[in-house]
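Asks: My structure file target31.cif, mmCIF, C-alpha atoms, is below:
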```cif
data_my_file
#
loop_
_atom_site.label_atom_id
_atom_site.label_comp_id
_atom_site.auth_asym_id
_atom_site.auth_seq_id
_atom_site.Cartn_x
_atom_site.Cartn_y
_atom_site.Cartn_z
CA MET A 1 112.04 75.19 -1.03
CA GLY A 2 111.86 78.54 -2.76
CA HIS A 3 114.11 79.55 -5.57
CA PRO A 4 117.08 81.63 -4.29
CA MET A 5 115.75 84.56 -6.31
CA ASP A 6 112.39 84.36 -4.48
CA SER A 7 113.63 86.10 -1.33
CA PRO A 8 113.20 89.84 -0.68
CA PRO A 9 115.93 92.16 -2.02
CA GLU A 10 118.72 93.08 0.36
CA ASN A 11 117.60 96.70 0.68
CA SER A 12 114.02 97.10 1.87
CA PRO A 13 111.63 98.23 -0.83
CA ILE A 14 109.22 101.15 -0.57
CA LEU A 15 105.60 100.48 -1.51
CA VAL A 16 103.94 103.41 -3.29
CA LYS A 17 100.22 103.68 -4.02
CA LEU A 18 98.73 106.26 -6.35
CA GLY A 19 95.14 106.69 -5.22
CA GLY A 20 92.28 106.53 -7.67
CA SER A 21 91.24 110.05 -6.65
CA LEU A 22 94.69 111.29 -7.63
CA ILE A 23 95.10 109.67 -11.05
CA THR A 24 91.47 109.80 -12.24
CA ASP A 25 88.57 112.19 -12.03
CA LYS A 26 86.36 110.10 -9.75
CA GLY A 27 83.35 112.23 -10.61
CA GLN A 28 83.58 111.26 -14.30
CA ARG A 29 83.48 107.66 -15.47
CA ASN A 30 86.72 106.35 -17.05
CA THR A 31 88.54 109.68 -16.95
CA PRO A 32 92.32 109.56 -16.29
CA ARG A 33 94.25 112.61 -15.12
CA LEU A 34 97.07 112.19 -17.61
CA GLY A 35 98.96 115.32 -16.58
CA VAL A 36 99.15 114.10 -12.98
CA LEU A 37 100.23 110.63 -14.08
CA ARG A 38 102.99 111.98 -16.32
CA GLN A 39 104.29 114.24 -13.55
CA LEU A 40 104.39 111.37 -11.03
CA ALA A 41 106.05 109.05 -13.55
CA SER A 42 108.80 111.56 -14.32
CA GLU A 43 109.40 112.12 -10.60
CA MET A 44 109.70 108.39 -9.91
CA ALA A 45 112.17 108.11 -12.80
CA LEU A 46 114.17 111.01 -11.31
CA ALA A 47 114.25 109.38 -7.88
CA MET A 48 115.47 106.10 -9.35
CA ARG A 49 118.21 107.88 -11.30
CA ASP A 50 119.28 109.76 -8.15
CA ASN A 51 119.40 106.51 -6.14
CA PRO A 52 120.07 103.42 -8.30
CA SER A 53 119.68 101.15 -5.24
CA LEU A 54 116.09 102.30 -4.68
CA ARG A 55 113.64 99.39 -4.80
CA LEU A 56 109.99 100.21 -5.42
CA VAL A 57 106.67 98.41 -5.69
CA LEU A 58 104.01 100.60 -7.31
CA GLY A 59 100.28 100.21 -6.89
CA HIS A 60 97.30 102.22 -8.04
CA GLY A 61 93.62 102.49 -7.24
CA SER A 62 90.85 102.05 -9.80
CA GLY A 63 89.24 105.45 -9.39
CA SER A 64 86.56 106.27 -11.94
CA TYR A 65 87.21 102.97 -13.75
CA GLY A 66 86.81 99.94 -11.46
CA HIS A 67 84.94 101.62 -8.60
CA TRP A 68 82.14 102.83 -10.89
CA GLU A 69 81.60 99.37 -12.39
CA ALA A 70 81.93 97.62 -9.01
CA SER A 71 79.35 99.88 -7.38
CA GLN A 72 76.83 98.90 -10.08
CA HIS A 73 77.24 95.18 -9.37
CA HIS A 74 78.14 95.20 -5.61
CA THR A 75 81.13 93.03 -6.51
CA ARG A 76 83.00 93.64 -3.24
CA ASP A 77 80.18 91.92 -1.31
CA GLY A 78 80.18 88.72 -3.34
CA VAL A 79 79.43 87.22 -6.74
CA ALA A 80 76.85 84.47 -7.33
CA THR A 81 74.38 85.07 -10.17
CA PRO A 82 75.22 84.98 -13.88
CA ASP A 83 74.63 88.74 -14.05
CA GLN A 84 77.01 89.30 -11.12
CA TRP A 85 79.68 87.19 -12.80
CA ARG A 86 79.34 89.25 -15.95
CA GLY A 87 79.76 92.31 -13.72
CA PHE A 88 82.85 90.68 -12.18
CA ALA A 89 84.38 90.45 -15.67
CA ARG A 90 83.44 94.06 -16.46
CA VAL A 91 85.08 95.31 -13.25
CA SER A 92 88.26 93.44 -14.19
CA ALA A 93 88.18 94.91 -17.71
CA ALA A 94 87.78 98.43 -16.31
CA ALA A 95 90.65 97.97 -13.85
CA LEU A 96 92.87 96.66 -16.65
CA GLU A 97 91.98 99.61 -18.89
CA LEU A 98 93.36 102.05 -16.31
CA ASN A 99 96.32 99.78 -15.58
CA ARG A 100 97.33 99.82 -19.25
CA ILE A 101 97.33 103.63 -19.16
CA VAL A 102 99.46 103.73 -15.99
CA THR A 103 101.85 101.13 -17.39
CA ALA A 104 102.30 103.06 -20.63
CA VAL A 105 102.86 106.45 -18.95
CA PHE A 106 105.45 105.13 -16.46
CA SER A 107 107.22 103.09 -19.12
CA GLU A 108 107.45 106.12 -21.41
CA ALA A 109 108.98 108.10 -18.53
CA GLY A 110 111.76 105.54 -18.17
CA VAL A 111 110.49 103.62 -15.14
CA PRO A 112 111.10 99.87 -15.67
CA ILE A 113 107.51 98.97 -14.84
CA LEU A 114 106.20 95.38 -14.87
CA SER A 115 102.45 95.03 -14.42
CA LEU A 116 101.28 91.97 -12.46
CA GLN A 117 97.53 91.37 -12.63
CA PRO A 118 96.14 90.59 -9.14
CA SER A 119 93.14 88.56 -10.37
CA ALA A 120 95.62 86.09 -11.88
CA SER A 121 97.84 86.04 -8.78
CA TYR A 122 95.59 86.10 -5.67
CA LEU A 123 92.76 84.02 -4.21
CA ALA A 124 90.70 85.11 -1.22
CA ARG A 125 88.34 83.88 1.50
CA ASN A 126 85.79 86.34 2.89
CA GLY A 127 87.72 89.18 1.28
CA GLU A 128 91.07 88.20 2.83
CA ILE A 129 93.93 87.00 0.63
CA THR A 130 94.70 83.32 1.20
CA THR A 131 96.85 82.37 -1.80
CA SER A 132 99.30 84.50 -3.75
CA ALA A 133 101.92 84.12 -6.43
CA VAL A 134 104.56 86.45 -5.00
CA ALA A 135 107.62 84.90 -6.68
CA PRO A 136 107.33 86.90 -9.95
CA LEU A 137 107.11 90.14 -7.95
CA LEU A 138 110.19 89.20 -5.91
CA ARG A 139 112.15 88.33 -9.04
CA ALA A 140 111.20 91.65 -10.62
CA LEU A 141 112.57 93.48 -7.56
CA GLN A 142 115.77 91.44 -7.65
CA HIS A 143 116.37 92.58 -11.22
CA GLY A 144 115.74 96.27 -10.52
CA LEU A 145 112.27 96.36 -12.06
CA VAL A 146 109.24 98.10 -10.52
CA PRO A 147 106.37 95.62 -10.05
CA LEU A 148 102.97 97.23 -10.54
CA VAL A 149 99.85 95.94 -8.76
CA PHE A 150 96.39 97.47 -8.62
CA GLY A 151 92.89 97.13 -7.23
CA ASP A 152 91.26 94.21 -9.01
CA VAL A 153 88.70 91.43 -8.72
CA ALA A 154 89.63 88.10 -7.13
CA PHE A 155 88.00 84.69 -6.83
CA ASP A 156 86.87 84.08 -3.26
CA ASP A 157 86.22 80.67 -1.62
CA ARG A 158 83.27 81.99 0.41
CA LEU A 159 81.95 84.95 -1.57
CA GLY A 160 82.47 83.55 -5.08
CA GLY A 161 84.23 86.73 -6.10
CA THR A 162 85.23 89.99 -4.48
CA ILE A 163 87.47 93.02 -4.96
CA LEU A 164 90.95 93.43 -3.49
CA SER A 165 92.16 96.98 -2.96
CA THR A 166 95.78 97.98 -3.39
CA GLU A 167 95.92 98.36 0.41
CA ASP A 168 94.73 94.74 0.78
CA ILE A 169 97.60 93.66 -1.46
CA PHE A 170 100.16 95.85 0.33
CA VAL A 171 99.10 94.48 3.74
CA HIS A 172 99.52 90.95 2.37
CA LEU A 173 102.92 91.73 0.84
CA ALA A 174 104.38 93.56 3.84
CA PRO A 175 105.47 90.50 5.89
CA ARG A 176 106.93 88.97 2.72
CA LEU A 177 108.77 92.03 1.40
CA HIS A 178 109.65 93.76 4.72
CA PRO A 179 109.22 97.25 3.24
CA SER A 180 110.74 100.20 5.07
CA TRP A 181 107.89 102.51 4.08
CA ILE A 182 104.41 102.52 2.56
CA LEU A 183 103.51 105.77 0.82
CA LEU A 184 99.84 106.39 -0.01
CA LEU A 185 99.37 109.36 -2.34
CA GLY A 186 95.96 110.88 -2.91
CA ASN A 187 94.13 114.11 -3.62
CA ALA A 188 93.91 115.15 0.04
CA PRO A 189 97.06 116.49 1.74
CA GLY A 190 96.84 113.74 4.35
CA VAL A 191 94.36 112.44 6.91
CA LEU A 192 92.05 115.32 7.78
CA ASP A 193 90.49 116.13 11.15
CA GLU A 194 86.91 117.37 11.62
CA LYS A 195 88.02 120.96 10.92
CA GLY A 196 89.74 120.06 7.66
CA GLY A 197 93.27 120.29 9.02
CA THR A 198 95.92 117.63 8.36
CA ILE A 199 96.66 115.26 11.23
CA ALA A 200 100.46 115.17 11.38
CA LEU A 201 100.90 111.93 13.33
CA ILE A 202 98.79 108.87 14.10
CA THR A 203 99.97 106.15 16.46
CA PRO A 204 98.07 103.07 17.64
CA GLU A 205 97.52 104.96 20.91
CA SER A 206 96.03 108.04 19.26
CA TYR A 207 94.04 106.14 16.63
CA PRO A 208 90.81 105.73 18.69
CA GLN A 209 90.48 109.53 18.88
CA VAL A 210 91.31 109.93 15.18
CA ARG A 211 88.85 107.25 14.09
CA ALA A 212 85.87 109.32 15.23
CA CYS A 213 86.49 112.02 12.62
CA LEU A 214 87.25 109.76 9.66
CA GLY A 215 84.58 109.36 7.01
CA ALA A 216 84.22 107.32 3.87
CA SER A 217 85.10 108.75 0.46
CA ALA A 218 82.79 111.46 -0.88
CA ASP A 219 82.98 109.86 -4.34
CA THR A 220 82.19 106.29 -5.34
CA ASP A 221 84.62 104.06 -3.44
CA VAL A 222 83.66 100.44 -2.89
CA THR A 223 86.72 99.65 -0.78
CA GLY A 224 86.01 101.89 2.20
CA GLY A 225 87.73 105.23 1.65
CA MET A 226 90.03 106.93 4.14
CA ALA A 227 88.57 105.33 7.28
CA ASP A 228 89.38 101.83 6.04
CA LYS A 229 92.79 102.94 4.72
CA VAL A 230 93.89 104.32 8.08
CA ALA A 231 92.55 101.32 10.01
CA ARG A 232 94.49 98.91 7.79
CA MET A 233 97.71 100.91 8.06
CA VAL A 234 97.49 101.30 11.86
CA GLY A 235 97.03 97.54 12.13
CA LEU A 236 100.05 96.99 9.91
CA VAL A 237 102.46 99.25 11.82
CA GLN A 238 101.42 97.53 15.06
CA GLN A 239 102.82 94.26 13.70
CA ARG A 240 106.37 95.63 13.66
CA GLY A 241 105.64 96.74 10.16
CA PRO A 242 106.83 99.66 8.08
CA ARG A 243 106.14 103.30 8.69
CA VAL A 244 103.36 104.78 6.59
CA ARG A 245 102.90 108.22 5.09
CA ILE A 246 99.51 109.32 3.72
CA MET A 247 100.00 112.45 1.64
CA GLY A 248 98.88 114.54 -1.28
CA GLY A 249 100.36 113.78 -4.67
CA THR A 250 99.63 116.91 -6.68
CA ARG A 251 102.45 119.23 -5.51
CA PRO A 252 105.27 119.31 -8.08
CA LEU A 253 108.24 117.12 -7.04
CA CYS A 254 106.38 115.70 -4.03
CA LEU A 255 107.01 112.09 -5.08
CA ARG A 256 110.67 112.70 -5.87
CA ASP A 257 111.18 114.45 -2.53
CA VAL A 258 109.46 111.83 -0.38
CA LEU A 259 111.35 109.00 -2.11
CA ARG A 260 114.62 110.75 -1.27
CA ASP A 261 113.85 110.59 2.48
CA PRO A 262 110.35 109.59 3.63
CA ALA A 263 111.23 110.24 7.29
CA ALA A 264 112.16 113.85 6.58
CA TYR A 265 109.24 114.67 4.28
CA PRO A 266 107.48 117.56 6.04
CA THR A 267 103.85 117.18 4.98
CA GLY A 268 101.09 114.60 5.08
CA THR A 269 100.19 112.20 7.88
CA LEU A 270 102.78 109.88 9.40
CA ILE A 271 101.56 106.58 10.88
CA GLN A 272 104.01 104.78 13.13
CA THR A 273 104.36 103.19 16.55
CA THR A 274 105.75 105.12 19.48
CA GLN A 275 108.82 102.85 19.32
CA GLN A 276 109.65 104.21 15.84
CA PHE A 277 110.14 107.81 17.03
#
```
What is this file in structure tokens?
Replies:
Amino acid sequence: MGHPMDSPPENSPILVKLGGSLITDKGQRNTPRLGVLRQLASEMALAMRDNPSLRLVLGHGSGSYGHWEASQHHTRDGVATPDQWRGFARVSAAALELNRIVTAVFSEAGVPILSLQPSASYLARNGEITTSAVAPLLRALQHGLVPLVFGDVAFDDRLGGTILSTEDIFVHLAPRLHPSWILLLGNAPGVLDEKGGTIALITPESYPQVRACLGASADTDVTGGMADKVARMVGLVQQRGPRVRIMGGTRPLCLRDVLRDPAAYPTGTLIQTTQQF
């Protein structure tokens, strides 16, 4: 039996990911974009002041921190040799370095952030999460805190070790938290077609046509880039899941505005089933 405080909050939370390309310079190793982070933190604090019942789970990518280290050691594909295990530890250290920066910036802005390290909370098999300690995250939500997760290493029963992306964690959490929305903020204004225009809507029915024009990230990204992101989110909405918005995060007040009403936010790419129209 679970503790009574281990159930999802009464009002559905919104899961928000800040992409590594948004909060770091992915072309430069270990380079945060502090101005962007401070702007997003202040906007989240504003949204929470405007709507005290708002429940949020925040996640962030590893950008020029974890992805650079992971690409050197091929950590996503498995960990076996002593050198690979040392690489596993270095990837974790890099991810934590960025996480400490994000935690500090959001805390200073007045967001009641509580960082929860995925490598201490999740186990995997063949890259899929099998075991998780979700209770602390649920308790944080119950008390009005904002749990913070991030892309991190994880021990894996088949691969030895691997990397879990924030999207992996969100997909795992969705059936446990029943979020109303997942918001994925990045550098791009949304999912782009072959001409560079933003695709306004993706449904499971239209996804096969969209998939053909999706490419991997232009910068170092060991977790698959946009193509993998969209595939995971389409699969999630098909399971009676939340609606998803993939959007840019650099426009001033974009995060505040989308948190006010994700359904009415006019830009980015909306992913939903036809039943959710």
Asks: If the PyMOL selection byres ((chain A and resi 102-117) around 7) were run on this exact file, what residues would it hold? Put them as a ChimeraX atom specification.
Replies: /A:37-38,41-42,45,98-101,118-121,145-149
Asks: Let me know the residues the PyMOL selection byres ((chain A and resi 185) around 10) catches in the file above, as a PDB file with C-alpha atoms, in the coordinates of the input.
Replies:
```pdb
ATOM      1  CA  VAL A  16     103.940 103.410  -3.290  1.00  0.00           C
ATOM      2  CA  LYS A  17     100.220 103.680  -4.020  1.00  0.00           C
ATOM      3  CA  LEU A  18      98.730 106.260  -6.350  1.00  0.00           C
ATOM      4  CA  GLY A  19      95.140 106.690  -5.220  1.00  0.00           C
ATOM      5  CA  GLY A  20      92.280 106.530  -7.670  1.00  0.00           C
ATOM      6  CA  SER A  21      91.240 110.050  -6.650  1.00  0.00           C
ATOM      7  CA  LEU A  22      94.690 111.290  -7.630  1.00  0.00           C
ATOM      8  CA  ILE A  23      95.100 109.670 -11.050  1.00  0.00           C
ATOM      9  CA  HIS A  60      97.300 102.220  -8.040  1.00  0.00           C
ATOM     10  CA  ILE A 182     104.410 102.520   2.560  1.00  0.00           C
ATOM     11  CA  LEU A 183     103.510 105.770   0.820  1.00  0.00           C
ATOM     12  CA  LEU A 184      99.840 106.390  -0.010  1.00  0.00           C
ATOM     13  CA  GLY A 186      95.960 110.880  -2.910  1.00  0.00           C
ATOM     14  CA  ASN A 187      94.130 114.110  -3.620  1.00  0.00           C
ATOM     15  CA  ALA A 188      93.910 115.150   0.040  1.00  0.00           C
ATOM     16  CA  PRO A 189      97.060 116.490   1.740  1.00  0.00           C
ATOM     17  CA  GLY A 190      96.840 113.740   4.350  1.00  0.00           C
ATOM     18  CA  ARG A 245     102.900 108.220   5.090  1.00  0.00           C
ATOM     19  CA  ILE A 246      99.510 109.320   3.720  1.00  0.00           C
ATOM     20  CA  MET A 247     100.000 112.450   1.640  1.00  0.00           C
ATOM     21  CA  GLY A 248      98.880 114.540  -1.280  1.00  0.00           C
ATOM     22  CA  GLY A 249     100.360 113.780  -4.670  1.00  0.00           C
ATOM     23  CA  THR A 250      99.630 116.910  -6.680  1.00  0.00           C
ATOM     24  CA  CYS A 254     106.380 115.700  -4.030  1.00  0.00           C
ATOM     25  CA  LEU A 255     107.010 112.090  -5.080  1.00  0.00           C
ATOM     26  CA  GLY A 268     101.090 114.600   5.080  1.00  0.00           C
TER      27      GLY A 268
END
```
Asks: What lies within 9 Å of Ser165 in chain A using all atoms listed in the file, ignoring chain neighbours under 6 positions off, as a list in words?
Replies: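 What passes the distance filter is His60, Gly61, Ser62, Phe150, Gly151, Asp152, Val153 and Thr223 of chain A.
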Asks: Go ahead and save the residues from that selection, with C-alpha atoms, as a PDB file, in the coordinates of the input.
Replies:
```pdb
ATOM      1  CA  HIS A  60      97.300 102.220  -8.040  1.00  0.00           C
ATOM      2  CA  GLY A  61      93.620 102.490  -7.240  1.00  0.00           C
ATOM      3  CA  SER A  62      90.850 102.050  -9.800  1.00  0.00           C
ATOM      4  CA  PHE A 150      96.390  97.470  -8.620  1.00  0.00           C
ATOM      5  CA  GLY A 151      92.890  97.130  -7.230  1.00  0.00           C
ATOM      6  CA  ASP A 152      91.260  94.210  -9.010  1.00  0.00           C
ATOM      7  CA  VAL A 153      88.700  91.430  -8.720  1.00  0.00           C
ATOM      8  CA  THR A 223      86.720  99.650  -0.780  1.00  0.00           C
TER       9      THR A 223
END
```
Asks: Enumerate, as a PDB file with C-alpha atoms, in the frame of the given file, the residues matched when the PyMOL selection byres ((chain A and resi 175) around 10) is run on the file above.
Replies:
```pdb
ATOM      1  CA  PHE A 170     100.160  95.850   0.330  1.00  0.00           C
ATOM      2  CA  VAL A 171      99.100  94.480   3.740  1.00  0.00           C
ATOM      3  CA  HIS A 172      99.520  90.950   2.370  1.00  0.00           C
ATOM      4  CA  LEU A 173     102.920  91.730   0.840  1.00  0.00           C
ATOM      5  CA  ALA A 174     104.380  93.560   3.840  1.00  0.00           C
ATOM      6  CA  ARG A 176     106.930  88.970   2.720  1.00  0.00           C
ATOM      7  CA  LEU A 177     108.770  92.030   1.400  1.00  0.00           C
ATOM      8  CA  HIS A 178     109.650  93.760   4.720  1.00  0.00           C
ATOM      9  CA  PRO A 179     109.220  97.250   3.240  1.00  0.00           C
ATOM     10  CA  LEU A 236     100.050  96.990   9.910  1.00  0.00           C
ATOM     11  CA  GLN A 239     102.820  94.260  13.700  1.00  0.00           C
ATOM     12  CA  ARG A 240     106.370  95.630  13.660  1.00  0.00           C
ATOM     13  CA  GLY A 241     105.640  96.740  10.160  1.00  0.00           C
ATOM     14  CA  PRO A 242     106.830  99.660   8.080  1.00  0.00           C
TER      15      PRO A 242
END
```
Asks: Point out the residue among A:Asp83, A:Asp25, A:Asp228, A:Asp77 with the least atom-to-atom distance to Tyr65 in chain A, counting only C-alpha atoms.
Replies: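 Using only C-alpha atoms, the shortest distance to Tyr65 in chain A belongs to A:Asp25.
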Asks: Using all atoms listed in the file, which protein or nucleic acid residues come within 9 Å of Asp157 in chain A? Drop anything in the same chain fewer than 5 positions from it, and give the result as number ranges by chain.
Replies: A: 123-126
Asks: Those selected residues, please, written with C-alpha atoms and delivered as a short mmCIF file (atom, residue, chain, number, x, y, z; two decimals), keeping the file's coordinate frame.
Replies:
```cif
data_model
loop_
_atom_site.label_atom_id
_atom_site.label_comp_id
_atom_site.auth_asym_id
_atom_site.auth_seq_id
_atom_site.Cartn_x
_atom_site.Cartn_y
_atom_site.Cartn_z
CA LEU A 123 92.76 84.02 -4.21
CA ALA A 124 90.70 85.11 -1.22
CA ARG A 125 88.34 83.88 1.50
CA ASN A 126 85.79 86.34 2.89
#
```
Asks: Just give me the gap between CA of Leu58 in chain A and CA of Ile14 in chain A in Å, one decimal is fine.
Replies: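 Separation of CA of Leu58 in chain A and CA of Ile14 in chain A: 8.5 Å.
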Asks: Check the smallest atom-to-atom distance from each of A:Thr267, A:Thr162, A:Thr130, A:Ser53 to His74 in chain A using all atoms listed in the file, then report the winner.
Replies: A:Thr162
Asks: Can you measure CA of Val91 in chain A to CA of Gly78 in chain A for me? One decimal in Å is fine.
Replies: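 Atom-to-atom, CA of Val91 in chain A and CA of Gly78 in chain A are spaced 12.9 Å apart.
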Asks: Could you give me, as a list of chain:residue names, the residues within 8 Å of Glu194 in chain A, counting all atoms listed in the file and dropping anything in the same chain fewer than 2 positions from it?
Replies: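 Close residues of Glu194 in chain A: A:Leu192, A:Gly196, A:Gly197, A:Cys213, A:Leu214.
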Asks: Using Å and a single decimal, report how far CA of Asp257 in chain A sits from CA of Pro204 in chain A.
Replies: 26.6 Å
Asks: Nearest to Glu97 in chain A among A:Gly235, A:Gly66, A:Gly35, A:Gly144, with distances taken over only C-alpha atoms: which residue is it?
Replies: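 Closest to Glu97 in chain A of all the choices is A:Gly66.
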Asks: Would you output range 226-241 of chain A from that structure, restricted to C-alpha atoms, as a short mmCIF file (atom, residue, chain, number, x, y, z; two decimals), in the first residue's frame?
Replies:
```cif
data_model
loop_
_atom_site.label_atom_id
_atom_site.label_comp_id
_atom_site.auth_asym_id
_atom_site.auth_seq_id
_atom_site.Cartn_x
_atom_site.Cartn_y
_atom_site.Cartn_z
CA MET A 226 13.97 16.05 -32.65
CA ALA A 227 13.06 12.85 -34.53
CA ASP A 228 13.20 10.78 -31.35
CA LYS A 229 11.44 13.50 -29.34
CA VAL A 230 8.45 13.62 -31.69
CA ALA A 231 8.21 9.83 -31.95
CA ARG A 232 8.12 9.49 -28.15
CA MET A 233 5.49 12.20 -27.76
CA VAL A 234 3.23 10.83 -30.53
CA GLY A 235 3.37 7.44 -28.83
CA LEU A 236 2.47 9.02 -25.52
CA VAL A 237 -0.58 10.96 -26.74
CA GLN A 238 -1.88 7.78 -28.40
CA GLN A 239 -2.12 6.17 -24.96
CA ARG A 240 -4.81 8.62 -23.84
CA GLY A 241 -1.99 10.75 -22.60
#
```
